[in-house]
Amino acid sequence: MKKFFFTFIFLAFIGCSTIPKIKTENIIEPNSIQTNIPNNRTLIFSCKEWWKIYKDPILDKLVNFALEENEDLKIAKLNISKSDEAIKLADSTLGVSIDSSSNLKRERLGKNGMTPPPFGGKIITIGSLGLQGDYNIDIFSKLHSLAEEQKYRCEAIKLNSDWIELNITNRVAKLYFYWNYLQQEKKILLSQKDILSEIVSFNKKNVQIGNGINSDIWQSENELRNINSALKDNRLNIQLTLNNLNILTGNKHNKEIAELLNGKYSMADIILKEKVAIPSTISSDIIINRPDIKYYIMLIKGQEKHLESEKTNFYPQFSLTGQIGFEGITMDKILRRDSLLGFISPSIYLPIFHSGAITSKYKMAGDDLNIFIEEYNNAIITALNNIESELYKTKISCENLKTSDINLSVQTQILKENRERLTIGSISKLDYLLKELDWNNYKLSNKKELFNFSTQQLTLLNSLGGAYKIEK
């Protein structure tokens, strides 16, 4: 017993003495990145069902269609199911594996029990029935490390699915907001078309009575043609938006989507600018909420476990094999007590004969770990820059929208005064139509700024990995 113990210690020492050192790269901690601006404490962050902050039933239904039918999400769910089964498979290696076997064969024997030449000797039937078990003695936690690695990789796959879901739901929201804008644009363009048609008529009458020039007619007709061209583009963009929504929802809800967007419950006049809380700054620890950052963390933890399992290959590995069963001549003698046979056999694997291959695989696992760490560090830096950039763009877009709101308000007041002047006859109908056309241009510009702001909001939310809500 002592000899076996000391032999084991000696072999383990030989294995440990050849393990190379792996230098692990430093990991950037999110809280080590400073924004130098105090965080807004009145806001809370939510990464689940972020789209519900808009409280828009049409948007909710469109997103639900995408979550149910999107092909990329279906593939992601299948990968999650596959990884769950891989965990069960990895866990199964931790126990004893038992196999059953049976055998039946016929042999021709000579006088001395040897197999004779053809067509001679005695024919016998030999049958066997038994169980065989194998157990790997996981002294250095190789199998346990591999099982833990698979669990981390499964979590990484789930996080990757969350990232796919975030991008798809964000795209659905952008398309829906674009469709809302296109409805507003169509309404304004039709109003401009009516105004320009009336202006063309006035200009033609003025030319006929000698109170105008042909260039006025040509200019107004040119503007009218531009409006008609813009309306054609508007119809095309509406159809393309609808097509893209159908693609994102797997072409399974085309009729329902058309009814939602064109029905009486359409919220084309939705006010988006007050739905999302825009923080004054983003705390650096918010980066850790992004699914892609969590994904790399899981990859790093999984690779650390893989490196641990590769390290155990430098040590001796032990296993036990046992077998018990019945064996006898002719089937009626197999299950007799005197036919019961069995054995148990230990085995040992010594790594010293494959040290080169083991060392290379261990170093490769260490390199993979450092690759994951550097990818994580790069993702942290990219995420910070991306969030700060999108936050800055959102603030600028918000200011542009406020300026546009003021301009539209002023122009609305001017148009109101001109309508009063038209009523009392201090300006002509043609002059009023020109001012109304100008007001519609301001209105269309305001709708564009609102759409740009809502789209920029969504881009910010996508970079954050969720949305801020005002704490109640």
# chains A, B, ... in the order shown; residues from 1 in each chain; ligands from 1
$ residues_around --residues "A:Leu391" --least-positions-apart "5" --cutoff "12 Å" --atoms "only C-alpha atoms" --output "list in words"
Ala277, Ile278, Pro279, Ser280, Thr281, Ile282, Ser283, Ala383, Leu384, Asn385, Asn386, Ile396, Ser397, Cys398, Phe453, Gln456, Gln457, Leu458, Thr459, Leu460, Leu461, Asn462, Ser463 and Leu464 of chain A
$ residues_around --residues "A:Ser445" --least-positions-apart "3" --cutoff "12 Å" --atoms "only C-alpha atoms" --output "MDAnalysis selection string"
chainID A and resid 181 184:185 188:189 400:401 403:405 407:408 438:442 448:452
$ residues_around --residues "A:Thr24" --least-positions-apart "6" --cutoff "8 Å" --atoms "only C-alpha atoms" --output "PyMOL selection string"
chain A and resi 366+369-370
$ write_last_selection --atoms "C-alpha atoms" --output "compact mmCIF listing (two decimals), in the first residue's frame"
# COMPACT_ATOMS: atom_id res chain seq x y z
CA GLY A 366 -4.19 29.73 -22.53
CA LEU A 369 -8.33 32.61 -22.82
CA ASN A 370 -6.25 35.71 -23.50
$ residues_around --residues "A:Thr359" --least-positions-apart "4" --cutoff "10 Å" --atoms "only C-alpha atoms" --output "PyMOL selection string"
chain A and resi 18-20+310-311+313-314+354-355+363-365
$ select_by_dssp --residues "stretch 183-427 of chain A" --states "strand (DSSP E or B)" --output "PyMOL selection string"
chain A and resi 317-329+340-349
$ atom_distance --atom1 "atom CA of A:Asn167" --atom2 "atom CA of A:Asn262"
25.2 Å
$ closest_residue --among "A:Lys443, A:Lys395, A:Lys82, A:Lys52" --to "A:Val410" --atoms "only C-alpha atoms"
A:Lys443
$ residues_around --residues "stretch 289-302 of chain A" --least-positions-apart "2" --cutoff "7 Å" --atoms "only C-alpha atoms" --output "number ranges by chain"
A: 149-150, 152-153, 155-156, 159-160, 162-163, 286-287, 304-306, 369, 372-373, 376, 379-380, 464-465
$ write_last_selection --atoms "C-alpha atoms" --output "compact mmCIF listing (two decimals), in the first residue's frame"
# COMPACT_ATOMS: atom_id res chain seq x y z
CA GLU A 149 -17.17 24.95 -18.96
CA GLN A 150 -20.23 23.73 -20.83
CA TYR A 152 -20.75 28.84 -18.98
CA ARG A 153 -20.86 28.32 -22.73
CA GLU A 155 -25.03 30.96 -20.64
CA ALA A 156 -23.00 32.66 -23.38
CA LEU A 159 -26.79 36.01 -23.84
CA ASN A 160 -26.05 35.98 -27.56
CA ASP A 162 -30.61 38.25 -25.91
CA TRP A 163 -28.35 40.41 -28.09
CA ILE A 286 -24.20 50.45 -17.13
CA ILE A 287 -21.92 48.85 -19.72
CA GLU A 304 -10.88 29.31 -17.55
CA LYS A 305 -12.59 26.00 -16.78
CA HIS A 306 -11.34 24.59 -20.07
CA LEU A 369 -8.33 32.61 -22.82
CA PHE A 372 -11.38 36.19 -25.04
CA ILE A 373 -10.03 38.64 -22.46
CA TYR A 376 -13.86 41.57 -23.78
CA ALA A 379 -15.91 45.34 -26.28
CA ILE A 380 -15.82 47.37 -23.03
CA LEU A 464 -27.32 50.70 -23.77
CA GLY A 465 -28.87 47.26 -24.02
$ closest_residue --among "A:Ala258, A:Asn136, A:Leu245, A:Lys151" --to "A:Ile348" --atoms "only C-alpha atoms"
A:Asn136
$ atom_distance --atom1 "atom CA of A:Ile217" --atom2 "atom CA of A:Asn203"
5.5 Å
$ closest_residue --among "A:Gln208, A:Leu437, A:Ala467, A:Lys174" --to "A:Ser191" --atoms "only C-alpha atoms"
A:Leu437
$ residues_around --residues "A:Gly212" --least-positions-apart "5" --cutoff "12 Å" --atoms "only C-alpha atoms" --output "list in words"
Val200, Ser201, Phe202, Asn203, Lys204, Lys205, Asn206, Val207, Ile217, Trp218 and Leu430 of chain A
$ atom_distance --atom1 "atom CA of A:Ile22" --atom2 "atom CA of A:Ala147"
22.1 Å
$ closest_residue --among "A:Ser389, A:Gln303, A:Gln411, A:Asn243" --to "A:Asp368" --atoms "only C-alpha atoms"
A:Gln303
